[in-house]
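Source file: entry03.pdb (PDB, C-alpha atoms and all ligand atoms)
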ATOM      1  CA  MET A   1     116.452   6.500  27.979
ATOM      2  CA  THR A   2     113.128   5.614  29.609
ATOM      3  CA  ASP A   3     111.684   3.559  32.370
ATOM      4  CA  ALA A   4     108.170   2.219  32.099
ATOM      5  CA  ALA A   5     106.824   4.233  35.052
ATOM      6  CA  SER A   6     108.160   7.658  34.008
ATOM      7  CA  PRO A   7     109.221   7.936  30.396
ATOM      8  CA  ARG A   8     111.968  10.499  29.979
ATOM      9  CA  ASP A   9     111.733  13.078  27.240
ATOM     10  CA  PRO A  10     114.512  12.344  24.717
ATOM     11  CA  LEU A  11     115.156  16.083  24.330
ATOM     12  CA  ASP A  12     116.141  16.280  28.020
ATOM     13  CA  ALA A  13     118.625  13.469  27.428
ATOM     14  CA  LEU A  14     120.108  15.246  24.398
ATOM     15  CA  VAL A  15     120.476  18.530  26.262
ATOM     16  CA  ASP A  16     121.999  16.766  29.286
ATOM     17  CA  GLY A  17     124.469  15.107  26.915
ATOM     18  CA  VAL A  18     125.721  18.271  25.247
ATOM     19  CA  THR A  19     125.780  20.093  28.607
ATOM     20  CA  ILE A  20     128.527  17.718  29.772
ATOM     21  CA  VAL A  21     130.713  19.008  26.959
ATOM     22  CA  GLU A  22     129.650  22.646  27.454
ATOM     23  CA  LEU A  23     130.793  22.483  31.083
ATOM     24  CA  ASP A  24     134.144  20.833  30.238
ATOM     25  CA  PRO A  25     136.789  23.599  30.514
ATOM     26  CA  ASP A  26     139.212  21.669  28.290
ATOM     27  CA  GLU A  27     136.809  21.626  25.362
ATOM     28  CA  THR A  28     137.365  24.667  23.108
ATOM     29  CA  SER A  29     134.311  24.421  20.831
ATOM     30  CA  VAL A  30     131.327  24.913  23.159
ATOM     31  CA  GLY A  31     130.523  26.457  26.529
ATOM     32  CA  ARG A  32     133.194  27.127  29.145
ATOM     33  CA  GLY A  33     136.711  27.302  27.694
ATOM     34  CA  SER A  34     135.508  27.761  24.114
ATOM     35  CA  LEU A  35     137.278  30.110  21.721
ATOM     36  CA  PRO A  36     136.084  33.724  22.102
ATOM     37  CA  ASN A  37     135.261  36.459  19.618
ATOM     38  CA  ALA A  38     137.782  39.008  18.332
ATOM     39  CA  ASP A  39     137.403  41.062  21.547
ATOM     40  CA  GLY A  40     138.105  38.049  23.761
ATOM     41  CA  VAL A  41     134.467  37.549  24.796
ATOM     42  CA  VAL A  42     132.814  34.122  24.550
ATOM     43  CA  GLN A  43     129.429  34.461  22.814
ATOM     44  CA  LEU A  44     127.410  31.244  22.597
ATOM     45  CA  ASP A  45     124.652  30.158  20.203
ATOM     46  CA  ALA A  46     122.347  27.158  20.720
ATOM     47  CA  CYS A  47     118.923  25.860  19.820
ATOM     48  CA  CYS A  48     116.764  22.808  20.231
ATOM     49  CA  MET A  49     113.645  21.471  18.532
ATOM     50  CA  ASP A  50     110.958  19.211  19.920
ATOM     51  CA  GLY A  51     109.267  17.345  17.043
ATOM     52  CA  PRO A  52     106.158  15.983  18.779
ATOM     53  CA  ARG A  53     105.321  19.366  20.332
ATOM     54  CA  ARG A  54     106.344  21.366  17.240
ATOM     55  CA  ARG A  55     108.305  23.732  19.459
ATOM     56  CA  ALA A  56     111.748  25.246  19.323
ATOM     57  CA  GLY A  57     113.958  27.424  21.472
ATOM     58  CA  GLY A  58     117.254  29.127  20.921
ATOM     59  CA  VAL A  59     119.749  31.655  22.219
ATOM     60  CA  ALA A  60     122.205  33.750  20.242
ATOM     61  CA  ALA A  61     125.278  35.711  21.371
ATOM     62  CA  LEU A  62     124.691  34.576  24.946
ATOM     63  CA  GLU A  63     127.497  35.689  27.294
ATOM     64  CA  GLY A  64     128.601  34.362  30.676
ATOM     65  CA  ILE A  65     126.515  31.163  30.844
ATOM     66  CA  ALA A  66     128.198  27.966  29.681
ATOM     67  CA  ALA A  67     125.082  25.773  29.511
ATOM     68  CA  ALA A  68     123.654  27.481  26.413
ATOM     69  CA  ALA A  69     121.629  24.436  25.329
ATOM     70  CA  ARG A  70     119.876  24.351  28.710
ATOM     71  CA  VAL A  71     118.947  28.017  28.308
ATOM     72  CA  ALA A  72     117.643  27.241  24.790
ATOM     73  CA  LEU A  73     115.499  24.464  26.273
ATOM     74  CA  ARG A  74     114.047  26.933  28.779
ATOM     75  CA  VAL A  75     113.218  29.315  25.905
ATOM     76  CA  LEU A  76     111.412  26.403  24.225
ATOM     77  CA  ARG A  77     109.475  25.407  27.330
ATOM     78  CA  ASP A  78     108.894  28.712  29.144
ATOM     79  CA  THR A  79     108.260  31.245  26.373
ATOM     80  CA  PRO A  80     106.099  31.532  23.255
ATOM     81  CA  HIS A  81     109.250  32.515  21.294
ATOM     82  CA  HIS A  82     111.911  30.647  19.326
ATOM     83  CA  LEU A  83     114.997  32.818  19.800
ATOM     84  CA  LEU A  84     116.378  35.222  22.417
ATOM     85  CA  ALA A  85     119.593  37.121  21.741
ATOM     86  CA  GLY A  86     122.328  38.967  23.606
ATOM     87  CA  GLN A  87     121.502  40.744  26.873
ATOM     88  CA  GLY A  88     117.858  39.657  26.694
ATOM     89  CA  ALA A  89     118.920  36.004  26.524
ATOM     90  CA  GLN A  90     121.234  36.461  29.507
ATOM     91  CA  ASP A  91     118.575  38.308  31.544
ATOM     92  CA  PHE A  92     116.088  35.522  30.777
ATOM     93  CA  ALA A  93     118.605  32.875  31.889
ATOM     94  CA  ILE A  94     119.409  34.719  35.135
ATOM     95  CA  ALA A  95     115.679  34.920  35.871
ATOM     96  CA  ARG A  96     115.541  31.131  35.392
ATOM     97  CA  GLY A  97     118.309  30.579  37.960
ATOM     98  CA  PHE A  98     121.404  30.326  35.734
ATOM     99  CA  THR A  99     124.505  32.017  37.103
ATOM    100  CA  VAL A 100     126.853  34.232  35.126
ATOM    101  CA  GLY A 101     130.608  33.686  35.221
ATOM    102  CA  GLU A 102     133.810  33.992  33.211
ATOM    103  CA  LEU A 103     133.838  31.478  30.356
ATOM    104  CA  MET A 104     137.450  32.027  29.275
ATOM    105  CA  THR A 105     140.018  29.601  30.650
ATOM    106  CA  PRO A 106     143.808  30.015  30.703
ATOM    107  CA  LYS A 107     143.941  27.777  27.610
ATOM    108  CA  SER A 108     141.342  29.689  25.546
ATOM    109  CA  ARG A 109     142.754  33.056  26.701
ATOM    110  CA  GLY A 110     146.256  31.968  25.637
ATOM    111  CA  LEU A 111     145.013  30.959  22.179
ATOM    112  CA  TRP A 112     143.156  34.251  21.779
ATOM    113  CA  ILE A 113     146.270  36.239  22.802
ATOM    114  CA  GLU A 114     148.324  34.316  20.239
ATOM    115  CA  TRP A 115     145.690  34.992  17.570
ATOM    116  CA  ARG A 116     145.727  38.737  18.441
ATOM    117  CA  ARG A 117     149.528  38.807  18.288
ATOM    118  CA  ARG A 118     149.566  37.248  14.796
ATOM    119  CA  LEU A 119     146.685  39.468  13.669
ATOM    120  CA  ASP A 120     148.507  42.638  14.765
ATOM    121  CA  VAL A 121     151.622  41.576  12.826
ATOM    122  CA  ARG A 122     149.560  40.876   9.688
ATOM    123  CA  LEU A 123     147.533  44.095   9.999
ATOM    124  CA  ALA A 124     150.720  46.128  10.306
ATOM    125  CA  ALA A 125     152.019  44.422   7.152
ATOM    126  CA  ALA A 126     148.702  45.129   5.363
ATOM    127  CA  ALA A 127     149.229  48.864   6.036
ATOM    128  CA  GLY A 128     145.883  49.468   7.735
ATOM    129  CA  ARG A 129     143.268  48.424   5.201
ATOM    130  CA  PRO A 130     140.434  48.137   7.778
ATOM    131  CA  ALA A 131     138.056  46.253   5.468
ATOM    132  CA  ASP A 132     140.498  43.331   5.496
ATOM    133  CA  ARG A 133     140.599  42.970   9.262
ATOM    134  CA  PHE A 134     138.175  40.051   9.551
ATOM    135  CA  GLU A 135     139.428  38.358   6.398
ATOM    136  CA  ILE A 136     142.950  38.488   7.834
ATOM    137  CA  GLY A 137     141.651  37.286  11.191
ATOM    138  CA  TYR A 138     140.019  34.316   9.484
ATOM    139  CA  SER A 139     143.206  33.410   7.643
ATOM    140  CA  VAL A 140     145.198  33.652  10.906
ATOM    141  CA  GLY A 141     142.680  31.240  12.472
ATOM    142  CA  ARG A 142     143.176  28.799   9.591
ATOM    143  CA  GLU A 143     146.937  29.167   9.938
ATOM    144  CA  MET A 144     146.730  28.299  13.664
ATOM    145  CA  SER A 145     144.583  25.304  12.829
ATOM    146  CA  ARG A 146     147.059  24.099  10.156
ATOM    147  CA  GLU A 147     149.846  24.405  12.751
ATOM    148  CA  GLY A 148     147.822  22.268  15.163
ATOM    149  CA  LEU A 149     147.431  25.081  17.736
ATOM    150  CA  ILE A 150     143.682  24.671  17.470
ATOM    151  CA  ASP A 151     141.788  21.610  16.314
ATOM    152  CA  ALA A 152     140.583  22.154  12.719
ATOM    153  CA  ASN A 153     137.156  20.927  13.853
ATOM    154  CA  HIS A 154     137.088  23.641  16.535
ATOM    155  CA  LEU A 155     137.570  26.671  14.294
ATOM    156  CA  TRP A 156     133.777  26.578  13.914
ATOM    157  CA  GLY A 157     133.419  24.060  16.739
ATOM    158  CA  THR A 158     129.862  22.927  17.267
ATOM    159  CA  ILE A 159     127.953  19.960  18.628
ATOM    160  CA  ASN A 160     124.769  18.731  16.995
ATOM    161  CA  CYS A 161     122.896  15.830  18.577
ATOM    162  CA  ASN A 162     119.630  14.350  17.272
ATOM    163  CA  ALA A 163     117.393  11.555  18.509
ATOM    164  CA  VAL A 164     114.504   9.336  17.580
ATOM    165  CA  GLY A 165     112.919   8.308  20.864
ATOM    166  CA  PRO A 166     111.229   5.007  21.725
ATOM    167  CA  ARG A 167     107.818   6.388  20.732
ATOM    168  CA  GLY A 168     109.105   7.881  17.518
ATOM    169  CA  GLU A 169     109.682  11.328  19.071
ATOM    170  CA  ILE A 170     112.216  13.204  16.947
ATOM    171  CA  CYS A 171     114.235  16.004  18.487
ATOM    172  CA  GLY A 172     117.585  17.725  18.182
ATOM    173  CA  VAL A 173     119.970  20.216  19.728
ATOM    174  CA  THR A 174     122.892  22.254  18.407
ATOM    175  CA  THR A 175     125.307  24.299  20.530
ATOM    176  CA  THR A 176     128.436  26.280  19.726
ATOM    177  CA  SER A 177     130.740  29.171  20.526
ATOM    178  CA  GLY A 178     130.717  29.817  16.786
ATOM    179  CA  LEU A 179     133.575  30.800  14.557
ATOM    180  CA  ALA A 180     136.726  31.346  16.582
ATOM    181  CA  TRP A 181     137.703  35.033  16.844
ATOM    182  CA  LYS A 182     134.464  36.061  15.128
ATOM    183  CA  MET A 183     133.288  39.631  14.717
ATOM    184  CA  PRO A 184     131.543  40.612  17.996
ATOM    185  CA  GLY A 185     127.820  40.069  17.596
ATOM    186  CA  ARG A 186     128.240  37.627  14.726
ATOM    187  CA  VAL A 187     125.631  34.867  14.986
ATOM    188  CA  GLY A 188     126.221  31.675  13.053
ATOM    189  CA  ASP A 189     123.941  28.925  11.864
ATOM    190  CA  SER A 190     123.629  26.996  15.131
ATOM    191  CA  PRO A 191     120.655  28.845  16.703
ATOM    192  CA  ILE A 192     118.864  29.411  13.394
ATOM    193  CA  LEU A 193     116.114  26.894  12.684
ATOM    194  CA  GLY A 194     116.652  25.295   9.288
ATOM    195  CA  ALA A 195     120.354  26.202   9.137
ATOM    196  CA  GLY A 196     122.216  24.616  12.076
ATOM    197  CA  LEU A 197     119.325  22.363  13.063
ATOM    198  CA  TYR A 198     116.021  21.215  11.703
ATOM    199  CA  VAL A 199     113.564  18.646  13.019
ATOM    200  CA  ARG A 200     110.354  17.485  11.387
ATOM    201  CA  GLN A 201     108.316  14.990  13.394
ATOM    202  CA  ASP A 202     107.673  11.742  11.470
ATOM    203  CA  VAL A 203     110.398  12.674   8.931
ATOM    204  CA  GLY A 204     113.793  13.200  10.540
ATOM    205  CA  ALA A 205     116.391  15.587  11.929
ATOM    206  CA  ALA A 206     119.573  17.169  10.634
ATOM    207  CA  GLY A 207     122.170  19.461  12.158
ATOM    208  CA  ALA A 208     125.363  21.107  11.046
ATOM    209  CA  THR A 209     128.856  21.811  12.252
ATOM    210  CA  GLY A 210     131.446  23.820  10.355
ATOM    211  CA  ARG A 211     131.276  27.179   8.609
ATOM    212  CA  GLY A 212     127.849  28.479   9.574
ATOM    213  CA  GLU A 213     127.491  31.089   6.850
ATOM    214  CA  SER A 214     127.363  28.331   4.238
ATOM    215  CA  THR A 215     124.479  26.469   5.865
ATOM    216  CA  LEU A 216     122.709  29.755   6.662
ATOM    217  CA  TYR A 217     122.819  30.701   2.995
ATOM    218  CA  ASN A 218     121.177  27.438   1.957
ATOM    219  CA  LEU A 219     119.121  26.583   5.061
ATOM    220  CA  SER A 220     120.875  23.267   4.620
ATOM    221  CA  SER A 221     119.406  21.387   7.589
ATOM    222  CA  PHE A 222     115.902  22.233   6.400
ATOM    223  CA  ALA A 223     116.835  21.188   2.851
ATOM    224  CA  ILE A 224     118.121  17.836   4.108
ATOM    225  CA  VAL A 225     115.013  17.045   6.147
ATOM    226  CA  ASP A 226     112.793  18.166   3.287
ATOM    227  CA  ALA A 227     114.662  15.856   0.894
ATOM    228  CA  ILE A 228     114.084  12.987   3.354
ATOM    229  CA  ARG A 229     110.397  13.921   3.403
ATOM    230  CA  ARG A 230     110.410  13.522  -0.388
ATOM    231  CA  GLY A 231     111.961  10.049  -0.081
ATOM    232  CA  ALA A 232     115.748  10.540  -0.015
ATOM    233  CA  HIS A 233     118.025   8.446   2.179
ATOM    234  CA  PRO A 234     119.781  10.561   4.880
ATOM    235  CA  LYS A 235     123.172  10.135   3.200
ATOM    236  CA  ASP A 236     121.913  11.216  -0.241
ATOM    237  CA  ALA A 237     120.051  14.171   1.272
ATOM    238  CA  GLY A 238     123.216  15.263   3.083
ATOM    239  CA  MET A 239     125.428  14.905   0.011
ATOM    240  CA  ALA A 240     123.013  17.039  -2.028
ATOM    241  CA  ALA A 241     123.223  19.796   0.611
ATOM    242  CA  LEU A 242     127.031  19.632   0.521
ATOM    243  CA  ARG A 243     127.050  19.895  -3.286
ATOM    244  CA  GLN A 244     124.894  23.029  -3.010
ATOM    245  CA  ILE A 245     127.429  24.550  -0.606
ATOM    246  CA  VAL A 246     130.265  23.806  -3.045
ATOM    247  CA  ASP A 247     128.299  25.451  -5.878
ATOM    248  CA  ASP A 248     127.623  28.551  -3.773
ATOM    249  CA  THR A 249     131.161  29.023  -2.452
ATOM    250  CA  ILE A 250     132.738  31.466  -4.877
ATOM    251  CA  HIS A 251     134.273  34.181  -2.646
ATOM    252  CA  PRO A 252     138.078  34.153  -3.187
ATOM    253  CA  ALA A 253     138.761  34.166   0.581
ATOM    254  CA  LEU A 254     136.785  30.947   0.934
ATOM    255  CA  ILE A 255     138.194  28.783  -1.859
ATOM    256  CA  ASN A 256     141.425  26.844  -2.141
ATOM    257  CA  ALA A 257     143.736  26.439  -5.142
ATOM    258  CA  ARG A 258     141.333  23.870  -6.656
ATOM    259  CA  GLY A 259     138.451  26.344  -6.439
ATOM    260  CA  GLU A 260     136.795  24.301  -3.692
ATOM    261  CA  PRO A 261     135.769  25.441  -0.176
ATOM    262  CA  ASN A 262     138.701  25.987   2.194
ATOM    263  CA  PHE A 263     136.511  25.093   5.186
ATOM    264  CA  ASN A 264     134.648  22.037   6.346
ATOM    265  CA  VAL A 265     130.958  21.472   6.940
ATOM    266  CA  LYS A 266     129.519  18.319   8.448
ATOM    267  CA  PHE A 267     125.928  17.155   8.790
ATOM    268  CA  CYS A 268     124.544  14.618  11.258
ATOM    269  CA  ILE A 269     121.274  13.208   9.960
ATOM    270  CA  VAL A 270     118.690  10.699  11.125
ATOM    271  CA  ASN A 271     115.342   9.721   9.653
ATOM    272  CA  ALA A 272     112.190   8.564  11.417
ATOM    273  CA  ALA A 273     113.191   4.931  10.877
ATOM    274  CA  GLY A 274     116.432   5.573  12.782
ATOM    275  CA  GLU A 275     118.660   5.360   9.685
ATOM    276  CA  SER A 276     121.528   7.796  10.157
ATOM    277  CA  ALA A 277     124.312   9.404   8.174
ATOM    278  CA  GLY A 278     127.273  11.644   8.841
ATOM    279  CA  VAL A 279     128.522  13.509   5.784
ATOM    280  CA  ALA A 280     131.215  16.157   5.395
ATOM    281  CA  LEU A 281     132.809  18.261   2.681
ATOM    282  CA  TYR A 282     136.202  16.859   3.743
ATOM    283  CA  GLY A 283     136.689  13.534   5.468
ATOM    284  CA  GLY A 284     139.432  11.507   7.074
ATOM    285  CA  ASP A 285     139.719   9.363  10.157
ATOM    286  CA  ALA A 286     139.238  12.346  12.500
ATOM    287  CA  VAL A 287     135.982  13.475  10.876
ATOM    288  CA  ARG A 288     133.541  11.215  12.638
ATOM    289  CA  TYR A 289     130.070  11.145  14.116
ATOM    290  CA  ALA A 290     128.647   9.121  16.977
ATOM    291  CA  VAL A 291     125.660   6.818  16.688
ATOM    292  CA  CYS A 292     123.874   5.277  19.653
ATOM    293  CA  THR A 293     121.279   2.538  19.146
ATOM    294  CA  GLU A 294     119.869  -0.269  21.261
ATOM    295  CA  HIS A 295     123.144  -2.079  20.427
ATOM    296  CA  GLY A 296     125.290   0.597  22.065
ATOM    297  CA  ALA A 297     127.347   3.586  20.957
ATOM    298  CA  GLU A 298     129.935   3.748  18.211
ATOM    299  CA  LEU A 299     131.962   6.293  16.270
ATOM    300  CA  ARG A 300     131.705   6.186  12.484
ATOM    301  CA  VAL A 301     133.788   7.986   9.872
ATOM    302  CA  CYS A 302     131.773  10.518   7.872
ATOM    303  CA  ASP A 303     131.230  10.075   4.151
ATOM    304  CA  ALA A 304     133.092  12.878   2.380
ATOM    305  CA  LEU A 305     132.148  14.757  -0.784
ATOM    306  CA  LEU A 306     135.580  16.153  -1.644
ATOM    307  CA  THR A 307     139.088  14.739  -1.670
ATOM    308  CA  GLY A 308     142.400  16.473  -0.954
ATOM    309  CA  ALA A 309     143.349  19.057   1.622
ATOM    310  CA  MET A 310     141.089  21.947   2.592
TER     311      MET A 310
HETATM  312  N1  LIG A 401     128.666  26.249  12.887
HETATM  313  C1  LIG A 401     129.017  27.170  13.863
HETATM  314  C2  LIG A 401     129.144  28.552  13.385
HETATM  315  O1  LIG A 401     129.494  28.796  12.251
HETATM  316  O2  LIG A 401     128.906  29.430  14.162
END
Just give me the structure of the file as C-alpha cells.
Ligand code: GLY
Amino acid sequence: MTDAASPRDPLDALVDGVTIVELDPDETSVGRGSLPNADGVVQLDACCMDGPRRRAGGVAALEGIAAAARVALRVLRDTPHHLLAGQGAQDFAIARGFTVGELMTPKSRGLWIEWRRRLDVRLAAAAGRPADRFEIGYSVGREMSREGLIDANHLWGTINCNAVGPRGEICGVTTTSGLAWKMPGRVGDSPILGAGLYVRQDVGAAGATGRGESTLYNLSSFAIVDAIRRGAHPKDAGMAALRQIVDDTIHPALINARGEPNFNVKFCIVNAAGESAGVALYGGDAVRYAVCTEHGAELRVCDALLTGAM
C-alpha cells in the first residue's frame, strides 16, 4: 500500500477498492447496475472515516453518480461537513468533476420490472390497503431472493471495507444502493456514522451490511468499536451487537416462525492490532468476508449467531 518515498493514504486505497465494484455493471448491490428504489431510481448511500484526521464524509440518496464512495471522500476532504444528501450531494459532486448518467442496466431494470409486476398482483389481492404497500414490497423482495432471482446478500447489498495502515492509521468506507425497491428517499445505515460504519483511531473499525434499520436503531458499529475500546475481542464485540439486534427485532413483518429476524446483518471488524472478525446473524459458506494482510488476501466464513433458515 505504500512506497517509502510517497506513502499512500490507506483511505484512498479503500475507496479505490470499492470503486471497482461500484463501477461494475454486473454487480447489483452498489453503484452502476445496483437495484433501484420502488420508483426505479438508483439512490446511493456511502461514507468514509479517516481515523488519524478524525474526519468523515458521506452522501445519502445520491442519484446518477456510480462512484458514491469517491464523492463521500470529497465531502470528507473538501468540506467542513460529514453528510450531504439528495440534490445537494449531486450538485456538489458535479462541481467536483463527477459526471451524471443512468445507473440502471438492462439486468437491474429487468429485476425491478419483475418486482413491480409481482407487487401489483399482490396489491390487487390485498384490496388496496395502502399502508401495506412497502411491507408487501419487502416480502416480494424476499420471495425473489428465495427463488434465486436476486442474491440474498444483495437485498440490502452493501460493501464495507476497513483498514489498519502501516503506521497504525485506521480508516473505513461503506457504500450501498440500500434496500432493494426501497421507499424513495429512504436512507439506510451505510452513510450514518456509528450505524453502517464507525472508526476510532487507536481502537478499531467496524462496518455493517444487511438490514440497515437494525443497525441504525442500535448504532451497532459504534457499539462494536466502543466494546473493543473497553477490551473486547472484535468477534465478541460483534456477537454482542448481533444479540442486541435479535432482542430488538419484534415487528411481525421482520421475524420468522422461530421468532428470530428474517433478514441478515453482517459486521466486518478490525482492531488496532489488526485482529479481525466477520460475524453475521445467519451464516453458511456464502456468508464470507475478505481479509488482506502482509501474507496476502483470503476469504473467511463469518461466525454466525443463529442457526436455521432466515
Ligand atoms: N445496509 C444497507 C441498507 O440497509 O441500506
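Note that CA of Arg146 (chain A) and CA of Gly17 (chain A) are 29.5 Å apart.
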If the limit is 9 Å from any atom of ligand LIG 401 (chain A), counting only C-alpha atoms and all ligand atoms, which residues qualify? Return them as a PDB file with C-alpha atoms, in the coordinates of the input.
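Listing of result_17.pdb after writing:
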ATOM      1  CA  LEU A  44     127.410  31.244  22.597  1.00  0.00           C
ATOM      2  CA  ASP A  45     124.652  30.158  20.203  1.00  0.00           C
ATOM      3  CA  LEU A 155     137.570  26.671  14.294  1.00  0.00           C
ATOM      4  CA  TRP A 156     133.777  26.578  13.914  1.00  0.00           C
ATOM      5  CA  GLY A 157     133.419  24.060  16.739  1.00  0.00           C
ATOM      6  CA  THR A 158     129.862  22.927  17.267  1.00  0.00           C
ATOM      7  CA  ILE A 159     127.953  19.960  18.628  1.00  0.00           C
ATOM      8  CA  THR A 174     122.892  22.254  18.407  1.00  0.00           C
ATOM      9  CA  THR A 175     125.307  24.299  20.530  1.00  0.00           C
ATOM     10  CA  THR A 176     128.436  26.280  19.726  1.00  0.00           C
ATOM     11  CA  SER A 177     130.740  29.171  20.526  1.00  0.00           C
ATOM     12  CA  GLY A 178     130.717  29.817  16.786  1.00  0.00           C
ATOM     13  CA  LEU A 179     133.575  30.800  14.557  1.00  0.00           C
ATOM     14  CA  ALA A 180     136.726  31.346  16.582  1.00  0.00           C
ATOM     15  CA  LYS A 182     134.464  36.061  15.128  1.00  0.00           C
ATOM     16  CA  ARG A 186     128.240  37.627  14.726  1.00  0.00           C
ATOM     17  CA  VAL A 187     125.631  34.867  14.986  1.00  0.00           C
ATOM     18  CA  GLY A 188     126.221  31.675  13.053  1.00  0.00           C
ATOM     19  CA  ASP A 189     123.941  28.925  11.864  1.00  0.00           C
ATOM     20  CA  SER A 190     123.629  26.996  15.131  1.00  0.00           C
ATOM     21  CA  PRO A 191     120.655  28.845  16.703  1.00  0.00           C
ATOM     22  CA  GLY A 196     122.216  24.616  12.076  1.00  0.00           C
ATOM     23  CA  ALA A 208     125.363  21.107  11.046  1.00  0.00           C
ATOM     24  CA  THR A 209     128.856  21.811  12.252  1.00  0.00           C
ATOM     25  CA  GLY A 210     131.446  23.820  10.355  1.00  0.00           C
ATOM     26  CA  ARG A 211     131.276  27.179   8.609  1.00  0.00           C
ATOM     27  CA  GLY A 212     127.849  28.479   9.574  1.00  0.00           C
ATOM     28  CA  GLU A 213     127.491  31.089   6.850  1.00  0.00           C
ATOM     29  CA  SER A 214     127.363  28.331   4.238  1.00  0.00           C
ATOM     30  CA  THR A 215     124.479  26.469   5.865  1.00  0.00           C
ATOM     31  CA  LEU A 216     122.709  29.755   6.662  1.00  0.00           C
ATOM     32  CA  VAL A 265     130.958  21.472   6.940  1.00  0.00           C
TER      33      VAL A 265
END
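Closest approach to Asn218 (chain A) among A:Gly185, A:Gly278, A:Ile245, A:Ala232 is made by A:Ile245 (distances from all atoms listed in the file).
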For a quick check of understanding, using all atoms listed in the file, which of A:Ala223, A:Leu193, A:Ala127, A:Leu14 has the smallest distance to Ala60 (chain A)? A:Leu193
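Against this structure, the PyMOL selection byres (((chain A and resi 290-303) around 6) and not hetatm) ends up with Gly278, Val279, Val287, Arg288, Tyr289 and Ala304 of chain A.
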May I ask for the distance between CA of Cys161 (chain A) and CA of Leu23 (chain A), given in Å to one decimal place? 16.2 Å
Among the residues A:Val140, A:Ile269, A:Leu62, A:Ile228, the one that comes closest to Ala206 (chain A) [using only C-alpha atoms]: A:Ile269
So which residues are close to (115.9, 37.5, 31.3), meaning at most 12 Å away in the file's coordinates with all atoms listed in the file counted, and can you show them as a PyMOL selection string? chain A and resi 59+62+71+74-75+78-79+84-99
Answer key for the PyMOL selection byres (((chain A and resi 30-41) around 6) and not hetatm), residues as a PyMOL selection string: chain A and resi 22-23+25+28-29+42+66+103-105+108+176-177+180-184
Could you name the residues that touch Glu114 (chain A) at 10 Å or less, counting only C-alpha atoms, but leaving out those on the same chain fewer than 4 positions away, as number ranges by chain? A: 108-110, 118-120, 140, 144, 149
Could you write out as AutoDock Vina command-line options the box around region 179-194 of chain A (axis-aligned, all atoms listed in the file, 5 Å on each side), with centre and edge lengths in Å to one decimal?
--center_x 126.9 --center_y 33.0 --center_z 13.6 --size_x 31.6 --size_y 25.3 --size_z 18.7
What does the distance from CA of Ser276 (chain A) to CA of Lys235 (chain A) come to in Å, to one decimal? 7.5 Å
Choose the residue, out of A:Ala61, A:Leu242, A:Val21, A:Val270, that has the smallest atom-to-atom separation from Leu197 (chain A); count all atoms listed in the file. A:Val270
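Distances here use all atoms listed in the file; by that measure, the residue among A:Ala152, A:Leu83, A:Ala13, A:Ile65 closest to Phe263 (chain A) is A:Ala152.
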Please, could N, CA and C atoms be added to region 19-30 of chain A and the result written as a PDB file, in the frame of the given file?
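What landed in rebuild-v1.pdb:
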ATOM      1  N   THR A  19     125.374  19.249  27.469  1.00  0.00           N
ATOM      2  CA  THR A  19     125.780  20.093  28.607  1.00  0.00           C
ATOM      3  C   THR A  19     127.076  19.586  29.236  1.00  0.00           C
ATOM      4  N   ILE A  20     127.272  18.276  29.227  1.00  0.00           N
ATOM      5  CA  ILE A  20     128.527  17.718  29.772  1.00  0.00           C
ATOM      6  C   ILE A  20     129.714  18.344  29.049  1.00  0.00           C
ATOM      7  N   VAL A  21     129.595  18.452  27.741  1.00  0.00           N
ATOM      8  CA  VAL A  21     130.713  19.008  26.959  1.00  0.00           C
ATOM      9  C   VAL A  21     130.800  20.521  27.168  1.00  0.00           C
ATOM     10  N   GLU A  22     129.639  21.186  27.231  1.00  0.00           N
ATOM     11  CA  GLU A  22     129.650  22.646  27.454  1.00  0.00           C
ATOM     12  C   GLU A  22     130.341  23.017  28.766  1.00  0.00           C
ATOM     13  N   LEU A  23     130.218  22.160  29.767  1.00  0.00           N
ATOM     14  CA  LEU A  23     130.793  22.483  31.083  1.00  0.00           C
ATOM     15  C   LEU A  23     132.243  22.024  31.211  1.00  0.00           C
ATOM     16  N   ASP A  24     132.761  21.341  30.191  1.00  0.00           N
ATOM     17  CA  ASP A  24     134.144  20.833  30.238  1.00  0.00           C
ATOM     18  C   ASP A  24     135.103  21.976  29.867  1.00  0.00           C
ATOM     19  N   PRO A  25     135.934  22.441  30.809  1.00  0.00           N
ATOM     20  CA  PRO A  25     136.789  23.599  30.514  1.00  0.00           C
ATOM     21  C   PRO A  25     137.891  23.300  29.503  1.00  0.00           C
ATOM     22  N   ASP A  26     138.157  22.012  29.251  1.00  0.00           N
ATOM     23  CA  ASP A  26     139.212  21.669  28.290  1.00  0.00           C
ATOM     24  C   ASP A  26     138.717  21.615  26.851  1.00  0.00           C
ATOM     25  N   GLU A  27     137.413  21.726  26.685  1.00  0.00           N
ATOM     26  CA  GLU A  27     136.809  21.626  25.362  1.00  0.00           C
ATOM     27  C   GLU A  27     136.694  23.052  24.784  1.00  0.00           C
ATOM     28  N   THR A  28     137.295  23.285  23.607  1.00  0.00           N
ATOM     29  CA  THR A  28     137.365  24.667  23.108  1.00  0.00           C
ATOM     30  C   THR A  28     136.265  25.029  22.108  1.00  0.00           C
ATOM     31  N   SER A  29     135.296  24.122  21.871  1.00  0.00           N
ATOM     32  CA  SER A  29     134.311  24.421  20.831  1.00  0.00           C
ATOM     33  C   SER A  29     132.960  24.869  21.361  1.00  0.00           C
ATOM     34  N   VAL A  30     132.636  24.544  22.603  1.00  0.00           N
ATOM     35  CA  VAL A  30     131.327  24.913  23.159  1.00  0.00           C
ATOM     36  C   VAL A  30     131.493  25.308  24.624  1.00  0.00           C
TER      37      VAL A  30
END
